[in-house]
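Peer 1: query.txt is reproduced below (compact mmCIF, C-alpha atoms).
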# COMPACT_ATOMS: atom_id res chain seq x y z
CA MET Q 19 149.02 138.27 44.94
CA GLN Q 20 147.24 137.65 41.66
CA MET Q 21 147.34 140.27 38.93
CA SER Q 22 144.14 141.68 37.58
CA ALA Q 23 145.26 142.99 34.19
CA LYS Q 24 143.50 140.25 32.19
CA VAL Q 25 140.04 140.67 33.66
CA TYR Q 26 137.25 140.37 31.11
CA GLN Q 27 133.52 141.05 31.14
CA GLY Q 28 131.55 137.95 32.10
CA GLU Q 29 134.51 136.43 33.93
CA ILE Q 30 133.54 134.17 36.82
CA PRO Q 31 136.28 134.04 39.42
CA PRO Q 32 136.89 130.86 41.45
CA PRO Q 33 134.42 130.66 44.37
CA VAL Q 34 135.47 131.07 47.98
CA VAL Q 35 134.12 128.30 50.21
CA ARG Q 36 134.26 128.41 54.00
CA ASN Q 37 132.80 126.26 56.76
CA ILE Q 38 131.22 128.18 59.61
CA THR Q 39 131.83 126.77 63.06
CA GLN Q 40 131.22 128.21 66.50
CA GLU Q 41 134.99 128.03 67.03
CA LYS Q 42 135.55 130.25 63.98
CA ILE Q 43 132.89 132.69 65.18
CA ASN Q 44 134.53 132.82 68.60
CA LEU Q 45 137.92 133.34 66.97
CA TYR Q 46 136.52 136.24 64.96
CA ALA Q 47 134.97 137.71 68.12
CA GLU Q 48 138.38 137.56 69.82
CA ALA Q 49 140.13 139.07 66.79
CA SER Q 50 137.64 141.87 66.17
CA GLY Q 51 136.57 142.56 69.75
CA ASP Q 52 132.90 142.07 68.81
CA PHE Q 53 131.43 139.87 71.54
CA ASN Q 54 127.76 140.53 70.86
CA PRO Q 55 126.09 137.51 72.54
CA ILE Q 56 124.05 136.86 69.41
CA HIS Q 57 127.36 135.54 68.03
CA VAL Q 58 129.00 133.90 71.01
CA ASP Q 59 126.40 133.04 73.66
CA GLU Q 60 124.22 130.11 72.67
CA SER Q 61 122.02 130.34 75.79
CA PHE Q 62 121.25 133.99 74.96
CA ALA Q 63 120.92 133.54 71.21
CA VAL Q 64 118.50 130.63 71.46
CA GLN Q 65 115.98 132.92 73.16
CA THR Q 66 116.03 135.46 70.34
CA PRO Q 67 114.00 135.28 67.11
CA LEU Q 68 117.18 134.00 65.40
CA GLY Q 69 117.02 130.85 67.54
CA GLY Q 70 120.76 130.41 67.95
CA THR Q 71 124.12 131.99 67.38
CA ILE Q 72 124.97 133.51 64.02
CA ALA Q 73 128.21 134.49 62.35
CA HIS Q 74 129.27 138.13 62.40
CA GLY Q 75 128.20 139.98 59.28
CA MET Q 76 131.72 141.34 58.94
CA LEU Q 77 133.11 137.78 58.98
CA ILE Q 78 130.93 136.90 56.00
CA LEU Q 79 131.98 140.13 54.28
CA ALA Q 80 135.61 139.12 54.82
CA TYR Q 81 134.85 136.03 52.70
CA VAL Q 82 133.16 138.24 50.11
CA SER Q 83 136.24 140.44 50.10
CA GLU Q 84 138.45 137.38 49.66
CA ILE Q 85 137.05 136.66 46.20
CA MET Q 86 137.81 140.27 45.23
CA ILE Q 87 141.33 140.08 46.67
CA GLN Q 88 141.99 136.91 44.68
CA SER Q 89 140.69 138.49 41.47
CA PHE Q 90 141.85 142.09 41.74
CA GLY Q 91 144.61 142.16 44.36
CA TYR Q 92 145.84 145.68 45.00
CA GLY Q 93 143.10 147.14 42.82
CA TRP Q 94 140.63 145.95 45.44
CA LEU Q 95 142.68 146.65 48.56
CA GLY Q 96 143.44 150.22 47.59
CA GLY Q 97 140.60 151.22 45.31
CA GLY Q 98 137.59 149.00 45.94
CA LYS Q 99 133.99 149.76 46.68
CA LEU Q 100 131.46 147.39 48.24
CA SER Q 101 127.74 147.61 48.79
CA ALA Q 102 126.35 144.59 50.63
CA ARG Q 103 123.00 143.54 52.04
CA PHE Q 104 122.56 140.79 54.59
CA LYS Q 105 119.60 138.60 53.66
CA THR Q 106 119.78 135.79 56.18
CA ALA Q 107 122.19 134.71 58.86
CA ALA Q 108 125.07 132.26 58.54
CA ARG Q 109 125.07 129.75 61.36
CA PRO Q 110 127.48 127.26 62.86
CA GLY Q 111 127.44 124.14 60.67
CA ASP Q 112 126.84 126.10 57.48
CA THR Q 113 129.12 125.88 54.47
CA VAL Q 114 129.09 129.23 52.73
CA THR Q 115 130.11 129.78 49.14
CA VAL Q 116 130.87 133.17 47.67
CA THR Q 117 130.46 133.43 43.93
CA GLY Q 118 130.84 136.38 41.64
CA LYS Q 119 130.86 137.62 38.10
CA VAL Q 120 132.44 140.57 36.36
CA ASP Q 121 129.39 142.41 35.03
CA SER Q 122 131.10 145.28 33.30
CA LEU Q 123 134.40 147.00 32.65
CA GLU Q 124 134.60 150.75 32.38
CA GLU Q 125 137.36 153.27 31.94
CA ARG Q 126 137.22 156.63 33.71
CA ASN Q 127 140.03 159.18 33.64
CA GLY Q 128 142.46 156.59 32.35
CA VAL Q 129 141.63 154.06 35.08
CA SER Q 130 139.82 150.80 34.40
CA TYR Q 131 137.15 149.66 36.82
CA ALA Q 132 135.43 146.28 37.03
CA THR Q 133 131.93 146.09 38.46
CA CYS Q 134 131.07 142.69 39.92
CA SER Q 135 127.94 141.10 41.32
CA LEU Q 136 128.58 138.85 44.28
CA GLU Q 137 126.52 136.42 46.27
CA CYS Q 138 127.17 134.37 49.36
CA CYS Q 139 124.93 131.33 49.82
CA ASN Q 140 124.74 128.51 52.33
CA GLN Q 141 124.65 124.79 51.54
CA LYS Q 142 120.85 124.94 51.12
CA GLY Q 143 121.18 127.58 48.42
CA GLU Q 144 119.81 130.31 50.69
CA THR Q 145 121.28 133.73 50.03
CA ILE Q 146 123.18 135.15 52.97
CA VAL Q 147 124.62 138.25 51.31
CA THR Q 148 124.17 139.96 47.99
CA ALA Q 149 126.69 142.58 47.02
CA GLU Q 150 127.98 144.76 44.28
CA ALA Q 151 131.66 145.50 44.21
CA VAL Q 152 133.83 147.73 42.09
CA ALA Q 153 137.59 147.31 41.84
CA GLU Q 154 140.29 149.12 39.96
CA VAL Q 155 141.98 146.96 37.36
CA VAL Q 156 145.64 147.61 38.01
CA GLU Q 157 149.01 146.00 37.49
CA GLU Q 158 150.96 145.08 40.60
CA ARG Q 159 153.69 147.55 39.61
CA GLU Q 160 151.18 150.41 39.48
CA ALA Q 161 149.95 149.53 42.94
CA HIS Q 162 153.45 149.63 44.38
CA ASP Q 163 154.08 152.98 42.73
CA ARG Q 164 151.07 154.39 44.59
CA LYS Q 165 152.57 153.72 48.00
CA MET I 10 128.97 144.68 68.52
CA THR I 11 129.35 144.63 72.27
CA ASP I 12 132.33 143.82 74.39
CA LYS I 13 132.93 140.70 76.44
CA SER I 14 131.11 142.10 79.45
CA GLY I 15 127.87 142.59 77.52
CA ASP I 16 126.09 145.91 77.02
CA LYS I 17 128.34 148.93 77.39
CA ALA I 18 127.91 152.14 79.27
CA GLY I 19 127.87 154.29 76.13
CA MET I 20 125.22 156.44 74.52
CA THR I 21 121.87 154.81 74.07
CA PHE I 22 119.73 154.81 70.96
CA GLU I 23 117.41 157.35 72.58
CA GLU I 24 120.29 159.73 73.31
CA LEU I 25 121.70 159.68 69.78
CA THR I 26 120.66 162.26 67.23
CA PRO I 27 121.30 162.31 63.47
CA GLY I 28 124.56 164.14 62.81
CA TYR I 29 126.05 163.28 66.20
CA GLU I 30 129.79 162.65 65.84
CA PHE I 31 131.48 160.15 68.08
CA PRO I 32 134.97 160.94 69.40
CA ALA I 33 137.77 159.95 67.03
CA VAL I 34 139.73 156.83 67.90
CA ASN I 35 143.34 156.11 66.97
CA TYR I 36 144.72 152.62 66.69
CA GLU I 37 147.63 150.75 65.20
CA LEU I 38 147.14 148.08 62.57
CA SER I 39 150.00 146.10 64.07
CA ALA I 40 151.33 142.90 62.58
CA SER I 41 150.01 140.89 65.53
CA LEU I 42 146.53 142.43 65.28
CA ILE I 43 146.33 141.75 61.55
CA SER I 44 147.73 138.26 61.99
CA ARG I 45 144.92 137.45 64.46
CA TYR I 46 142.38 138.89 62.05
CA LEU I 47 143.69 136.90 59.08
CA LYS I 48 143.63 133.67 61.09
CA ALA I 49 140.03 134.35 62.10
CA VAL I 50 138.89 134.91 58.50
CA ASP I 51 140.91 132.05 56.96
CA SER I 52 142.97 134.36 54.81
CA VAL I 53 146.61 135.05 54.13
CA GLY I 54 147.99 138.51 54.25
CA GLY I 55 150.64 140.54 52.57
CA GLU I 56 152.26 143.88 53.19
CA PHE I 57 148.92 145.69 53.04
CA VAL I 58 146.00 145.43 55.44
CA SER I 59 142.72 143.95 54.28
CA PRO I 60 140.23 146.83 54.15
CA LEU I 61 137.69 144.58 55.84
CA ALA I 62 140.03 144.35 58.83
CA ILE I 63 140.20 148.15 58.97
CA ALA I 64 136.41 148.33 58.79
CA ALA I 65 135.97 145.68 61.48
CA TYR I 66 138.29 147.45 63.91
CA ALA I 67 136.76 150.83 63.13
CA MET I 68 133.30 149.49 63.91
CA THR I 69 134.44 147.85 67.12
CA ALA I 70 136.24 151.04 68.21
CA MET I 71 133.17 153.10 67.46
CA THR I 72 130.82 150.85 69.38
CA ASN I 73 132.83 151.56 72.52
CA PHE I 74 130.84 154.79 72.62
CA LEU I 75 127.52 153.11 72.06
CA SER I 76 125.30 151.18 74.37
CA VAL I 77 124.37 148.57 71.81
CA PRO I 78 121.75 146.15 73.07
CA SER I 79 122.59 142.47 72.94
CA GLY I 80 121.13 140.99 69.79
CA ALA I 81 121.85 143.93 67.49
CA ILE I 82 122.46 142.74 63.94
CA HIS I 83 124.00 144.12 60.80
CA ALA I 84 121.55 144.77 57.95
CA SER I 85 123.75 146.34 55.30
CA GLN I 86 127.25 147.65 54.77
CA GLU I 87 128.81 149.96 52.26
CA LEU I 88 132.56 150.46 52.07
CA GLU I 89 134.90 152.44 49.88
CA PHE I 90 138.67 152.08 49.97
CA PHE I 91 140.89 154.92 48.81
CA LYS I 92 144.46 153.75 49.27
CA LEU I 93 146.64 150.85 50.26
CA VAL I 94 147.36 150.69 53.98
CA PRO I 95 150.61 148.98 54.99
CA VAL I 96 150.64 146.69 58.02
CA GLY I 97 151.92 148.68 61.00
CA SER I 98 150.08 151.88 60.03
CA GLN I 99 148.41 154.12 62.56
CA VAL I 100 144.87 155.03 61.63
CA LYS I 101 142.21 157.32 63.02
CA CYS I 102 138.54 156.54 62.71
CA GLN I 103 135.52 158.64 63.43
CA ALA I 104 131.87 157.81 63.16
CA LYS I 105 128.70 159.78 63.06
CA VAL I 106 125.02 158.99 63.17
CA ALA I 107 123.77 159.36 59.61
CA ARG I 108 120.20 158.25 60.28
CA LYS I 109 118.10 157.04 63.14
CA ILE I 110 114.91 155.15 62.44
CA ALA I 111 112.39 154.17 65.11
CA ARG I 112 109.24 152.28 64.30
CA SER I 113 106.94 150.31 66.52
CA GLN I 114 108.74 147.01 66.12
CA MET I 115 112.10 148.15 64.82
CA ARG I 116 114.92 150.53 65.62
CA MET I 117 117.74 151.13 63.16
CA LEU I 118 120.88 153.19 63.14
CA VAL I 119 122.81 154.15 60.05
CA LEU I 120 126.38 154.93 61.03
CA GLU I 121 128.95 156.55 58.80
CA LEU I 122 132.59 155.77 59.41
CA ASN I 123 135.63 157.56 58.11
CA VAL I 124 139.18 156.28 58.48
CA TRP I 125 142.38 158.27 57.88
CA ASP I 126 146.01 157.22 57.98
CA GLN I 127 148.85 158.88 59.88
CA HIS I 128 149.28 161.36 57.02
CA ASP I 129 145.64 162.46 57.45
CA GLU I 130 144.77 160.95 54.10
CA LYS I 131 141.40 159.27 53.94
CA VAL I 132 141.75 155.52 53.50
CA GLN I 133 138.21 154.33 53.94
CA LEU I 134 134.59 155.40 54.11
CA GLY I 135 131.91 153.12 55.46
CA ARG I 136 128.20 153.18 56.07
CA ALA I 137 126.59 150.51 58.22
CA MET I 138 122.96 149.89 58.98
CA VAL I 139 122.42 148.19 62.32
CA VAL I 140 119.09 146.83 63.49
CA LEU I 141 118.58 147.03 67.23
CA PRO I 142 116.16 144.72 69.00
CA THR I 143 113.21 146.36 70.70
CA GLN I 144 113.24 143.57 73.24
CA VAL I 145 114.88 140.16 73.65
Once you've parsed the file, please lay out its structure as structure tokens.
Peer 2:
Amino acid sequence: MQMSAKVYQGEIPPPVVRNITQEKINLYAEASGDFNPIHVDESFAVQTPLGGTIAHGMLILAYVSEIMIQSFGYGWLGGGKLSARFKTAARPGDTVTVTGKVDSLEERNGVSYATCSLECCNQKGETIVTAEAVAEVVEEREAHDRK
Amino acid sequence: MTDKSGDKAGMTFEELTPGYEFPAVNYELSASLISRYLKAVDSVGGEFVSPLAIAAYAMTAMTNFLSVPSGAIHASQELEFFKLVPVGSQVKCQAKVARKIARSQMRMLVLELNVWDQHDEKVQLGRAMVVLPTQV
């Protein structure tokens, strides 16, 4: 797991890119137990205003979380905060890209926190999720000591 | 957020009131459960559980008590993680209705979720806004 000790303001972490397929949505439904037909039943979903199946919001947030895991490791897993809004749906066939930026670094009570703005867009540039995330900036050793 | 059989025989939107607390649910974040989750989200794991996995299972466990209409969608999600959770941990989650909004063309529920580990230490707090269809 990557360290986060050298995070700096303005840093742009590597994007997370994922292809959305119905198979992946079905796999997520099986893994999470969320079988809402809007995700897994094309014949149902096509009759709704959404016009077809969509990916689970929590699947997209898992991709958003991935960029934070890669950048902040344990500081995200054990001390993160996320506020996300779903703007439009991700659909089978979409390629979604999560990008982010470290907006600010702040120290409180001897702990450093990074505040990041995050966005998940599809291949047309449409925003699927906007989010703000805060992670502790910690060394791997510190994280292990917390166990 | 419904099971494989479709709508569940849980509480309906009309029956829920702000402040209502759902029964607590205990579950194990077993290696096999987390492995399935990681495969589904194209990620690799470590000794600690992804907090999004904890949130996903907490939401699914909670919706067992809800009669969520087919077509319900997620509008927003807030999450806060308080400690690292090793794979294999037992956790307890409990949800309550934070807000209930009913307008002519829209019904929304704001649900607050709390998750504790086997030492009764809080590991996660979540707040989800779910939009329920008035008709499909």
Peer 1: Need the shell around segment 43-58 of chain Q: protein/DNA/RNA residues with any atom at most 9 Å away, counting all atoms listed in the file. Skip same-chain ones fewer than 5 positions apart. Format as an mmCIF file with C-alpha atoms, in the frame of the given file?
Peer 2:
data_model
loop_
_atom_site.group_PDB
_atom_site.id
_atom_site.type_symbol
_atom_site.label_atom_id
_atom_site.label_comp_id
_atom_site.auth_asym_id
_atom_site.auth_seq_id
_atom_site.Cartn_x
_atom_site.Cartn_y
_atom_site.Cartn_z
ATOM 1 C CA ILE Q 38 131.220 128.180 59.610
ATOM 2 C CA ALA Q 63 120.920 133.540 71.210
ATOM 3 C CA VAL Q 64 118.500 130.630 71.460
ATOM 4 C CA THR Q 66 116.030 135.460 70.340
ATOM 5 C CA LEU Q 68 117.180 134.000 65.400
ATOM 6 C CA GLY Q 70 120.760 130.410 67.950
ATOM 7 C CA THR Q 71 124.120 131.990 67.380
ATOM 8 C CA ILE Q 72 124.970 133.510 64.020
ATOM 9 C CA ALA Q 73 128.210 134.490 62.350
ATOM 10 C CA HIS Q 74 129.270 138.130 62.400
ATOM 11 C CA LEU Q 77 133.110 137.780 58.980
ATOM 12 C CA PRO Q 110 127.480 127.260 62.860
ATOM 13 C CA MET I 10 128.970 144.680 68.520
ATOM 14 C CA THR I 11 129.350 144.630 72.270
ATOM 15 C CA ASP I 12 132.330 143.820 74.390
ATOM 16 C CA LYS I 13 132.930 140.700 76.440
ATOM 17 C CA SER I 14 131.110 142.100 79.450
ATOM 18 C CA GLY I 15 127.870 142.590 77.520
ATOM 19 C CA ASP I 16 126.090 145.910 77.020
ATOM 20 C CA LEU I 42 146.530 142.430 65.280
ATOM 21 C CA ILE I 43 146.330 141.750 61.550
ATOM 22 C CA ARG I 45 144.920 137.450 64.460
ATOM 23 C CA TYR I 46 142.380 138.890 62.050
ATOM 24 C CA LEU I 47 143.690 136.900 59.080
ATOM 25 C CA LYS I 48 143.630 133.670 61.090
ATOM 26 C CA ALA I 49 140.030 134.350 62.100
ATOM 27 C CA VAL I 50 138.890 134.910 58.500
ATOM 28 C CA ALA I 62 140.030 144.350 58.830
ATOM 29 C CA ALA I 65 135.970 145.680 61.480
ATOM 30 C CA TYR I 66 138.290 147.450 63.910
ATOM 31 C CA MET I 68 133.300 149.490 63.910
ATOM 32 C CA THR I 69 134.440 147.850 67.120
ATOM 33 C CA ALA I 70 136.240 151.040 68.210
ATOM 34 C CA VAL I 77 124.370 148.570 71.810
ATOM 35 C CA PRO I 78 121.750 146.150 73.070
ATOM 36 C CA SER I 79 122.590 142.470 72.940
ATOM 37 C CA GLY I 80 121.130 140.990 69.790
ATOM 38 C CA ALA I 81 121.850 143.930 67.490
ATOM 39 C CA ILE I 82 122.460 142.740 63.940
#
Peer 1: To one decimal place in Å, what is the distance between atom CA of Asn37 of chain Q and atom CA of Leu134 of chain I?
Peer 2: 29.3 Å
Peer 1: Excluding same-chain residues fewer than 6 positions from His83 of chain I, what lies within 7 Å of it counting only C-alpha atoms, as a ChimeraX atom specification?
Peer 2: /Q:75 /I:138-140
Peer 1: Q:Thr39, Q:Thr113, Q:Gln141, Q:Ser83: which is nearest chain I, counting all atoms listed in the file?
Peer 2: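 Counting all atoms listed in the file, the residue closest to chain I is Q:Ser83.
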Peer 1: One number please: atom CA of Lys109 of chain I to atom CA of Pro27 of chain I, in Å, one decimal.
Peer 2: 6.2 Å
Peer 1: For Leu95 of chain Q, which residue out of I:Pro95, I:Met117, I:Cys102, I:Asp129 is the nearest one, using all atoms listed in the file?
Peer 2: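 So, comparing all the options, the nearest one is I:Pro95.
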Peer 1: Give me, please, the distance in Å between atom CA of Pro32 of chain Q and atom CA of Gly118 of chain Q, quoted to one decimal.
Peer 2: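 Rounded to one decimal, the two atoms are 8.2 Å apart.
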